[in-house]
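Below: the structure, in structure tokens.
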Amino acid sequence: MKRWEISAFQAGWLTAGAVVLTGHALAVTHFMQAGGRDAWISGLINMPLLFLAAWSLYRLRLIFPRDTIVQYLPKVLGVVGYPVAAIYVTFLFGAVLFTLRMTTDWMVDSILPETPALVISGLYMAAVVYAALSGLDVLARINQFTLPLLALLGMTVSVSTMQAKDYRLLFPLLEKGPWPLLSASVLALGFFGETSIMGMYDAYVLPEDRKKLFRAYIFPLLFIVTTFTGPLAGSIATLGHRVAADMPYPTFQHWLMVSYARFFERTDLLAVHQWLAGAYVRSGIFLLMAVHGLYQLFSRTTLQKRLPAKWLIPGAAAALVALSEKAIPSQPVFDTFVLSIYLPTTACLGILLPPLLLAIAWIRGLTRTKRGAQTHGA
Amino acid sequence: MARELAFQTTLEANEAQFKRLVGGQRGAIFRRVPVPDPPGAEILLVFFEIEMDQARLELVVIRPIIEGEIRPDDLPERLPSSTVKMKSVEHALENMFRGKVLLFREGTADVYSIEIAKPPARSITAPETEAGVSGPRESFTEIHVVNLAMLRRRYPGPALRAEEVWIGKEARLEVGIIYLDGYPTDRVLNEVRKRVTQIREDGVQDVTELTEALADRRVSIFPTVFVTERPDTVAHFIKAGRVAVMLDNSPRALIVPALFTDFFTSADDFYEWRPFVVFLRLLRFVAFNIAVPLPALYVAVTTYHLQALPTQLTLSLLAQREGAPLPPPIEAITMTIIFEILREAGVRLPRAIGSTVSIVGGLVIGDAAIRSGLTSPAMVLVVSATAVATFSLPSTTLANAATYYRFFVLALTSMFGFFGLLLGYLVALANLSGMTSLGVPYMTPFFPYRSRHLAAALGTKARPPKHLGATPQPELIRGADDFQERS
């Protein structure tokens, strides 16, 4: 891998850019179906746990400034760390698969109904491979352009549909007891757990003061909780929770409501932009980090020398395209994959694992840190 | 062959040696000049007749020697100040081919070259490709020393440095590396020196041939080296911490590092009212974003996403396309190619005819194509708007890049609609984000974001400071460069 370094600011934005799409578009229906009317607060009640996970990741970064999460897992957990690291790398590939499948399905459903899904996913992944091969710093720069634009468009659609919103539909809360909310919260934890990808590249953050570094962990949380709560609340306020839960892409429906005078009757093409730009950065960073994690996992066998990134990244992308088409033949199978495998795994790895690692590191006396975090290139 | 040669101590031997080396060349003159004291002694002058200022040679060298004003023992003190002692036969040959006179004396192996050349040169003219409304109206010529003199007049301070580097193996050419002392970072400056000195190619005709050596990537659609023919533009850029590279025989200068925003700079930007410059810069950014995707956007909407348009407009577009033989993607590609051919014809033909061909060709062909039903008025409108947007870009290299990307995005959109258009845009974004110019991220100050450089990129600092050269202003490059060095 080439030498990478990004600023703390870029790292924070990159995490936000990599994760935001899940809560915004990819998994909204699942949260709606699980939480009903209460789904919109499922993110908010998770905040303490999210802060704990983010703070743990930050502390781990200070303890292991030169290591990625895949590298310090064995240092903290011993031999057990290797299978956990392997699961973590698998989760990274899983995130790409999840994004790829959702993006392809949505493109077919919304704008390219007659184009074969394989062509769409192949083309999309080819573009993702190009970005991933460019490196971490390049992905961070792409994200610096796309994320503000996404936020701007999101706010535009939110304001443009204000007239159609009835915020009374958000209440009463806990109408059916605490269980719907809790089940949506568990799913939401899976989504928020994706922020642990920061543990894969925080080792490449430029040496900066601790305050800036800490902000890089906290900013994505605030950003994604806001962008998660907003669209969910908006969908419920606009469509009602029952209708919204039955729609495959409730946030997309907002775009269908927006029209500008006589010039644009439908602005849903902008939703394509939002989705694709978000998915592009997300897939690129997860793919790159997955391959990077794979190299670190197999460092002893010099995998990188035998299979350089310029071959492994396209190879992995091709395998994911094939998997997306063949291993997940139908929507129910895909939903099962998301609900039963992907989100629970992510919740464990992203929310529970960092505090656990920190606690074990404390117990094992690994927590002595030096002021001024160091960094290194890969 | 020449490497094993050495200067001889007799005129006969030196003459024989040089006749062997250059005797067959047309215009090579071997002239013996008699010296009054001691009687019968001579001095040998060797030069190319066609490159020589004969009258001056006669006046400052030959006549003083014949009349005894300059004695052989006085040489070279009494000769013009440009007289240089030759180190080797190769050195002497190089000087001779550069139009200098070689001077040999009897009984010594000391050989001198005298600068009395009068190479063919044109006078200083107004800029042709970077014409502006305000600001100076002079452009570089093919003579490096003249170009350097123009730059020194524009920046008459001691900070202006002009280093001399020779490129090539046999037919060596002088390259000037020009910068303000302390402005570019050492890394950038050393990188320029290294890359220029590594050029081994002989017979380089224009400085633009060096862009490949100075660019970070051999193949790149977007330009990473800024080319200018204006001395004032060079002066402005070196004040911003850049390095200029000039070549003898070339009427242009290269500026490195060159960032994406630099290619939106026009010569007038340095002299106009700043708020207006900001407006123009933004307008050019918009024009670039029209020039690249507009035909693709039209194809996407008319072929794949008609629902995005109002019903009335959709019906109108469909009515216009009634009977059109080609589907919109093919029509768009064909029309864009025709436009490029017209543009190329306009550039290649003499100026008076060229503009006529462009306008008449565009109007007549466009009108005829609509009347014959081969294309729709909307398509002609789209291609024309694209053309106008392309022409508004101040840099031809950037306009060329826009053209390449237009075809790329058009091809993707023709196959995949808005999905292809967005994917093309994202790939372009990835490409731009990964580019560097001498190691400086190409998209600075947008990403990596540098708020304090953003204003300069938008043109608010385009004007020179009141006290020229009094305050170093290399922040744009230094900041970006610092970042790059840390990263």
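Numbering starts fresh at 1 for the residues of each chain in the structure tokens, the chains themselves are lettered A, B, ... in the order given, and ligands are numbered from 1 as they appear.
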
Restrict the distance test to only C-alpha atoms, flag each residue of chain B within 10 Å of chain A, and return the flagged residues as a PyMOL selection string. chain B and resi 301+304-313+412+415-435+441+443-444+446-449+483-484+486-487

What does the file look like for those residues with N, CA and C atoms, as a compact mmCIF listing (two decimals), in the first residue's frame?
# COMPACT_ATOMS: atom_id res chain seq x y z
N VAL B 301 -31.75 13.02 -20.18
CA VAL B 301 -33.14 13.44 -19.96
C VAL B 301 -34.03 13.01 -21.13
N TYR B 304 -33.62 8.70 -21.27
CA TYR B 304 -33.91 7.83 -20.12
C TYR B 304 -34.88 8.43 -19.12
N HIS B 305 -34.87 9.74 -18.96
CA HIS B 305 -35.62 10.33 -17.83
C HIS B 305 -36.52 11.48 -18.28
N LEU B 306 -37.34 11.21 -19.24
CA LEU B 306 -38.25 12.27 -19.73
C LEU B 306 -39.17 12.78 -18.63
N GLN B 307 -39.39 11.94 -17.63
CA GLN B 307 -40.31 12.34 -16.56
C GLN B 307 -39.79 13.51 -15.75
N ALA B 308 -38.49 13.79 -15.86
CA ALA B 308 -37.92 14.89 -15.07
C ALA B 308 -38.37 16.25 -15.59
N LEU B 309 -38.77 16.29 -16.86
CA LEU B 309 -39.13 17.57 -17.47
C LEU B 309 -40.64 17.82 -17.35
N PRO B 310 -41.03 19.10 -17.43
CA PRO B 310 -42.46 19.40 -17.44
C PRO B 310 -43.12 18.80 -18.69
N THR B 311 -44.36 18.48 -18.56
CA THR B 311 -45.05 17.80 -19.66
C THR B 311 -44.99 18.59 -20.96
N GLN B 312 -45.23 19.92 -20.87
CA GLN B 312 -45.21 20.75 -22.07
C GLN B 312 -43.86 20.68 -22.79
N LEU B 313 -42.81 20.77 -21.99
CA LEU B 313 -41.47 20.74 -22.58
C LEU B 313 -41.18 19.37 -23.17
N LEU B 412 -20.82 7.23 -21.52
CA LEU B 412 -21.39 6.54 -20.35
C LEU B 412 -22.89 6.82 -20.23
N MET B 415 -25.26 5.03 -22.56
CA MET B 415 -25.55 3.64 -22.22
C MET B 415 -26.35 3.49 -20.93
N PHE B 416 -26.12 4.41 -19.98
CA PHE B 416 -26.71 4.19 -18.65
C PHE B 416 -27.47 5.40 -18.10
N GLY B 417 -27.76 6.36 -18.93
CA GLY B 417 -28.55 7.50 -18.46
C GLY B 417 -27.87 8.28 -17.36
N PHE B 418 -28.67 8.76 -16.44
CA PHE B 418 -28.15 9.61 -15.37
C PHE B 418 -27.17 8.85 -14.48
N PHE B 419 -27.36 7.55 -14.37
CA PHE B 419 -26.42 6.71 -13.60
C PHE B 419 -25.02 6.81 -14.23
N GLY B 420 -24.96 6.70 -15.55
CA GLY B 420 -23.67 6.81 -16.24
C GLY B 420 -23.08 8.20 -16.11
N LEU B 421 -23.93 9.20 -16.20
CA LEU B 421 -23.46 10.59 -16.07
C LEU B 421 -22.82 10.81 -14.69
N LEU B 422 -23.51 10.34 -13.66
CA LEU B 422 -22.98 10.53 -12.30
C LEU B 422 -21.72 9.72 -12.06
N LEU B 423 -21.72 8.52 -12.63
CA LEU B 423 -20.53 7.69 -12.45
C LEU B 423 -19.32 8.35 -13.14
N GLY B 424 -19.57 8.91 -14.31
CA GLY B 424 -18.49 9.62 -15.02
C GLY B 424 -17.99 10.80 -14.20
N TYR B 425 -18.93 11.50 -13.58
CA TYR B 425 -18.55 12.65 -12.76
C TYR B 425 -17.77 12.23 -11.53
N LEU B 426 -18.17 11.09 -10.94
CA LEU B 426 -17.45 10.61 -9.76
C LEU B 426 -16.04 10.13 -10.12
N VAL B 427 -15.92 9.50 -11.28
CA VAL B 427 -14.59 9.06 -11.72
C VAL B 427 -13.71 10.28 -11.99
N ALA B 428 -14.31 11.30 -12.60
CA ALA B 428 -13.55 12.54 -12.84
C ALA B 428 -13.11 13.15 -11.53
N LEU B 429 -13.99 13.11 -10.56
CA LEU B 429 -13.68 13.65 -9.23
C LEU B 429 -12.52 12.87 -8.60
N ALA B 430 -12.59 11.54 -8.73
CA ALA B 430 -11.51 10.70 -8.18
C ALA B 430 -10.20 11.00 -8.90
N ASN B 431 -10.30 11.18 -10.20
CA ASN B 431 -9.11 11.50 -10.99
C ASN B 431 -8.50 12.82 -10.54
N LEU B 432 -9.34 13.84 -10.43
CA LEU B 432 -8.86 15.16 -10.02
C LEU B 432 -8.31 15.14 -8.60
N SER B 433 -8.97 14.40 -7.72
CA SER B 433 -8.53 14.35 -6.32
C SER B 433 -7.17 13.67 -6.18
N GLY B 434 -6.89 12.75 -7.08
CA GLY B 434 -5.63 12.02 -6.98
C GLY B 434 -4.48 12.70 -7.70
N MET B 435 -4.78 13.76 -8.45
CA MET B 435 -3.71 14.40 -9.22
C MET B 435 -2.88 15.34 -8.37
N PRO B 441 -1.22 18.76 -4.09
CA PRO B 441 -2.54 18.28 -4.52
C PRO B 441 -3.20 19.25 -5.50
N MET B 443 -6.21 19.77 -6.51
CA MET B 443 -7.48 20.44 -6.21
C MET B 443 -7.39 21.38 -5.01
N THR B 444 -6.20 21.61 -4.50
CA THR B 444 -6.03 22.62 -3.45
C THR B 444 -6.55 23.95 -4.01
N PHE B 446 -9.67 23.45 -2.63
CA PHE B 446 -11.01 22.88 -2.38
C PHE B 446 -10.91 21.59 -1.58
N PHE B 447 -10.17 20.64 -2.10
CA PHE B 447 -9.90 19.43 -1.32
C PHE B 447 -8.51 18.96 -1.70
N PRO B 448 -7.57 18.97 -0.75
CA PRO B 448 -7.73 19.32 0.65
C PRO B 448 -8.15 20.78 0.82
N TYR B 449 -9.09 20.97 1.74
CA TYR B 449 -9.67 22.29 1.94
C TYR B 449 -8.69 23.20 2.67
N PHE B 483 1.41 20.91 3.44
CA PHE B 483 0.50 19.80 3.68
C PHE B 483 1.02 18.54 3.02
N GLN B 484 1.43 18.71 1.77
CA GLN B 484 1.87 17.56 1.02
C GLN B 484 3.11 16.93 1.67
N ARG B 486 3.92 17.02 4.77
CA ARG B 486 3.55 16.32 5.98
C ARG B 486 2.85 15.02 5.63
N SER B 487 2.07 15.06 4.54
CA SER B 487 1.32 13.86 4.20
C SER B 487 2.12 13.00 3.26

* Asked: Quick one: residues within 12 Å of Met247 in chain A, only C-alpha atoms counted, chain neighbours fewer than 4 positions away excluded, as a PyMOL selection string?
  -> chain A and resi 25+27-33+235-236+239-243+251-254

Export of prior selection with C-alpha atoms as a PDB file, in the first residue's frame:
ATOM      1  CA  ALA A  25     -31.205   5.310   2.619  1.00  0.00           C
ATOM      2  CA  ALA A  27     -31.604   0.458   5.899  1.00  0.00           C
ATOM      3  CA  VAL A  28     -34.396   2.955   6.582  1.00  0.00           C
ATOM      4  CA  THR A  29     -37.172   0.451   5.854  1.00  0.00           C
ATOM      5  CA  HIS A  30     -35.745  -2.022   8.362  1.00  0.00           C
ATOM      6  CA  PHE A  31     -35.695   0.601  11.102  1.00  0.00           C
ATOM      7  CA  MET A  32     -39.252   1.636  10.224  1.00  0.00           C
ATOM      8  CA  GLN A  33     -40.545  -1.886  10.269  1.00  0.00           C
ATOM      9  CA  SER A 235     -40.656  10.136   6.488  1.00  0.00           C
ATOM     10  CA  ILE A 236     -43.009   9.498   9.395  1.00  0.00           C
ATOM     11  CA  LEU A 239     -46.133   9.579   5.035  1.00  0.00           C
ATOM     12  CA  GLY A 240     -47.138   8.234   8.422  1.00  0.00           C
ATOM     13  CA  HIS A 241     -45.223   5.335   9.957  1.00  0.00           C
ATOM     14  CA  ARG A 242     -47.353   2.579   8.453  1.00  0.00           C
ATOM     15  CA  VAL A 243     -47.053   3.765   4.863  1.00  0.00           C
ATOM     16  CA  THR A 251     -36.610   8.779   2.018  1.00  0.00           C
ATOM     17  CA  PHE A 252     -36.624   8.633  -1.784  1.00  0.00           C
ATOM     18  CA  GLN A 253     -40.336   9.423  -1.717  1.00  0.00           C
ATOM     19  CA  HIS A 254     -39.490  12.893  -0.460  1.00  0.00           C
TER      20      HIS A 254
END

- prompt: Hey, what's within 8 Å of range 11-22 of chain A if we count only C-alpha atoms and toss same-chain stuff fewer than 2 positions away? As a VMD selection string, please?
  reply: chain A and resid 6 to 9 24 to 28 139 to 140 143 to 144 147 191 to 192 194 to 195 197 to 198 201 to 202 205 215 to 221 223 to 224 227 to 228 275 278 to 279 281 to 283 285 to 286

Could you please determine the separation between CA of Val291 in chain A and CA of Trp106 in chain A in Å, to one decimal place?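 Distance reported for this atom pair: 26.1 Å.
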
CA of Thr211 in chain B sits from CA of Ala171 in chain B at a separation of 19.4 Å

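Within range 244-325 of chain B, DSSP applied to the backbone places the following residues in strand (DSSP E or B): Ala244, Val245, Met246, Leu247, Ala253, Leu254, Ile255 and Val256 of chain B.
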
Subject >> Selected residue, from A:Ala53, A:Leu358, A:Leu320, A:Ala151, that lies nearest to Thr99 in chain A when counting only C-alpha atoms >> reply: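 Answer, going by the shortest atom-to-atom distance: A:Leu320.
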
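Across the structure, CA of Phe48 in chain B and CA of Arg26 in chain B are spaced 8.1 Å apart.
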
Near range 218-221 of chain B, within 8 Å and counting only C-alpha atoms, which residues show up once chain neighbours fewer than 5 positions away are dropped, as a PyMOL selection string?
chain B and resi 212-213+401+404

Export of the given selection (C-alpha atoms) as a tab-separated table (two decimals), in the first residue's frame:
chain	number	residue	atom	x	y	z
B	212	GLU	CA	5.78	15.68	-19.79
B	213	ALA	CA	9.03	15.84	-17.84
B	401	ALA	CA	-9.61	18.35	-21.08
B	404	TYR	CA	-12.17	14.64	-23.61

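Comparing B:Leu438, B:Ile365, B:Val225, B:Ala291 by their smallest distance to Thr397 in chain B, the closest is B:Val225 (using only C-alpha atoms).
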
Q | helix (DSSP H, G or I) positions in range 228-280 of chain A, given as a ChimeraX atom specification | A | /A:228-239,241-246,250-257,268-280

I need the chosen residues saved as a PDB file, in the first residue's frame, with C-alpha atoms.
ATOM      1  CA  PHE A 228     -30.482   9.409  10.756  1.00  0.00           C
ATOM      2  CA  THR A 229     -33.103  11.050  12.941  1.00  0.00           C
ATOM      3  CA  GLY A 230     -34.020  13.738  10.418  1.00  0.00           C
ATOM      4  CA  PRO A 231     -35.000  11.538   7.446  1.00  0.00           C
ATOM      5  CA  LEU A 232     -36.776   9.009   9.672  1.00  0.00           C
ATOM      6  CA  ALA A 233     -38.778  11.710  11.408  1.00  0.00           C
ATOM      7  CA  GLY A 234     -39.378  13.358   8.036  1.00  0.00           C
ATOM      8  CA  SER A 235     -40.656  10.136   6.488  1.00  0.00           C
ATOM      9  CA  ILE A 236     -43.009   9.498   9.395  1.00  0.00           C
ATOM     10  CA  ALA A 237     -44.203  13.115   9.411  1.00  0.00           C
ATOM     11  CA  THR A 238     -44.824  13.039   5.674  1.00  0.00           C
ATOM     12  CA  LEU A 239     -46.133   9.579   5.035  1.00  0.00           C
ATOM     13  CA  HIS A 241     -45.223   5.335   9.957  1.00  0.00           C
ATOM     14  CA  ARG A 242     -47.353   2.579   8.453  1.00  0.00           C
ATOM     15  CA  VAL A 243     -47.053   3.765   4.863  1.00  0.00           C
ATOM     16  CA  ALA A 244     -43.383   4.607   5.310  1.00  0.00           C
ATOM     17  CA  ALA A 245     -42.644   1.132   6.682  1.00  0.00           C
ATOM     18  CA  ASP A 246     -44.250  -0.476   3.647  1.00  0.00           C
ATOM     19  CA  PRO A 250     -39.201   5.983   2.076  1.00  0.00           C
ATOM     20  CA  THR A 251     -36.610   8.779   2.018  1.00  0.00           C
ATOM     21  CA  PHE A 252     -36.624   8.633  -1.784  1.00  0.00           C
ATOM     22  CA  GLN A 253     -40.336   9.423  -1.717  1.00  0.00           C
ATOM     23  CA  HIS A 254     -39.490  12.893  -0.460  1.00  0.00           C
ATOM     24  CA  TRP A 255     -37.735  13.690  -3.692  1.00  0.00           C
ATOM     25  CA  LEU A 256     -40.802  12.651  -5.653  1.00  0.00           C
ATOM     26  CA  MET A 257     -42.768  15.325  -3.825  1.00  0.00           C
ATOM     27  CA  ASP A 268     -35.716  12.478  -8.053  1.00  0.00           C
ATOM     28  CA  LEU A 269     -32.669  12.516 -10.311  1.00  0.00           C
ATOM     29  CA  LEU A 270     -31.012  14.484  -7.541  1.00  0.00           C
ATOM     30  CA  ALA A 271     -31.760  11.584  -5.240  1.00  0.00           C
ATOM     31  CA  VAL A 272     -29.774   9.403  -7.633  1.00  0.00           C
ATOM     32  CA  HIS A 273     -26.913  11.800  -7.180  1.00  0.00           C
ATOM     33  CA  GLN A 274     -27.247  11.669  -3.407  1.00  0.00           C
ATOM     34  CA  TRP A 275     -27.361   7.919  -3.289  1.00  0.00           C
ATOM     35  CA  LEU A 276     -24.614   7.281  -5.788  1.00  0.00           C
ATOM     36  CA  ALA A 277     -22.183   9.857  -4.400  1.00  0.00           C
ATOM     37  CA  GLY A 278     -22.712   8.543  -0.861  1.00  0.00           C
ATOM     38  CA  ALA A 279     -22.407   4.924  -1.932  1.00  0.00           C
ATOM     39  CA  TYR A 280     -19.289   5.639  -3.970  1.00  0.00           C
TER      40      TYR A 280
END

Worksheet entry | Close residues, Leu44 in chain A itself excluded, 9 Å, only C-alpha atoms, min 4 positions apart in chain, as a PyMOL selection string | chain A and resi 40+48+185+225-226+229

Write out, as a JSON list (two decimals), in the first residue's frame, the residues just selected, with N, CA and C atoms.
[["chain", "number", "residue", "atom", "x", "y", "z"],
["A", 40, "TRP", "N", -37.87, 6.87, 14.91],
["A", 40, "TRP", "CA", -37.07, 8.09, 14.75],
["A", 40, "TRP", "C", -36.24, 8.45, 15.98],
["A", 48, "PRO", "N", -25.59, 7.54, 24.31],
["A", 48, "PRO", "CA", -24.57, 7.22, 25.32],
["A", 48, "PRO", "C", -23.65, 6.08, 24.89],
["A", 185, "SER", "N", -33.71, 0.17, 18.06],
["A", 185, "SER", "CA", -32.45, 0.67, 18.61],
["A", 185, "SER", "C", -31.32, -0.34, 18.40],
["A", 225, "VAL", "N", -26.12, 10.75, 13.61],
["A", 225, "VAL", "CA", -27.34, 10.68, 14.42],
["A", 225, "VAL", "C", -28.34, 11.71, 13.90],
["A", 226, "THR", "N", -27.82, 12.89, 13.54],
["A", 226, "THR", "CA", -28.71, 13.93, 12.99],
["A", 226, "THR", "C", -29.29, 13.49, 11.65],
["A", 229, "THR", "N", -31.84, 10.66, 12.30],
["A", 229, "THR", "CA", -33.10, 11.05, 12.94],
["A", 229, "THR", "C", -33.95, 11.90, 12.00]]

Open item on the list: Can you tell me which residues surround Pro136 in chain B at a distance of at most 9 Å, considering only C-alpha atoms, apart from same-chain residues fewer than 3 positions away, and format the answer as a VMD selection string?
Closed with: chain B and resid 126 132 139 230 to 232
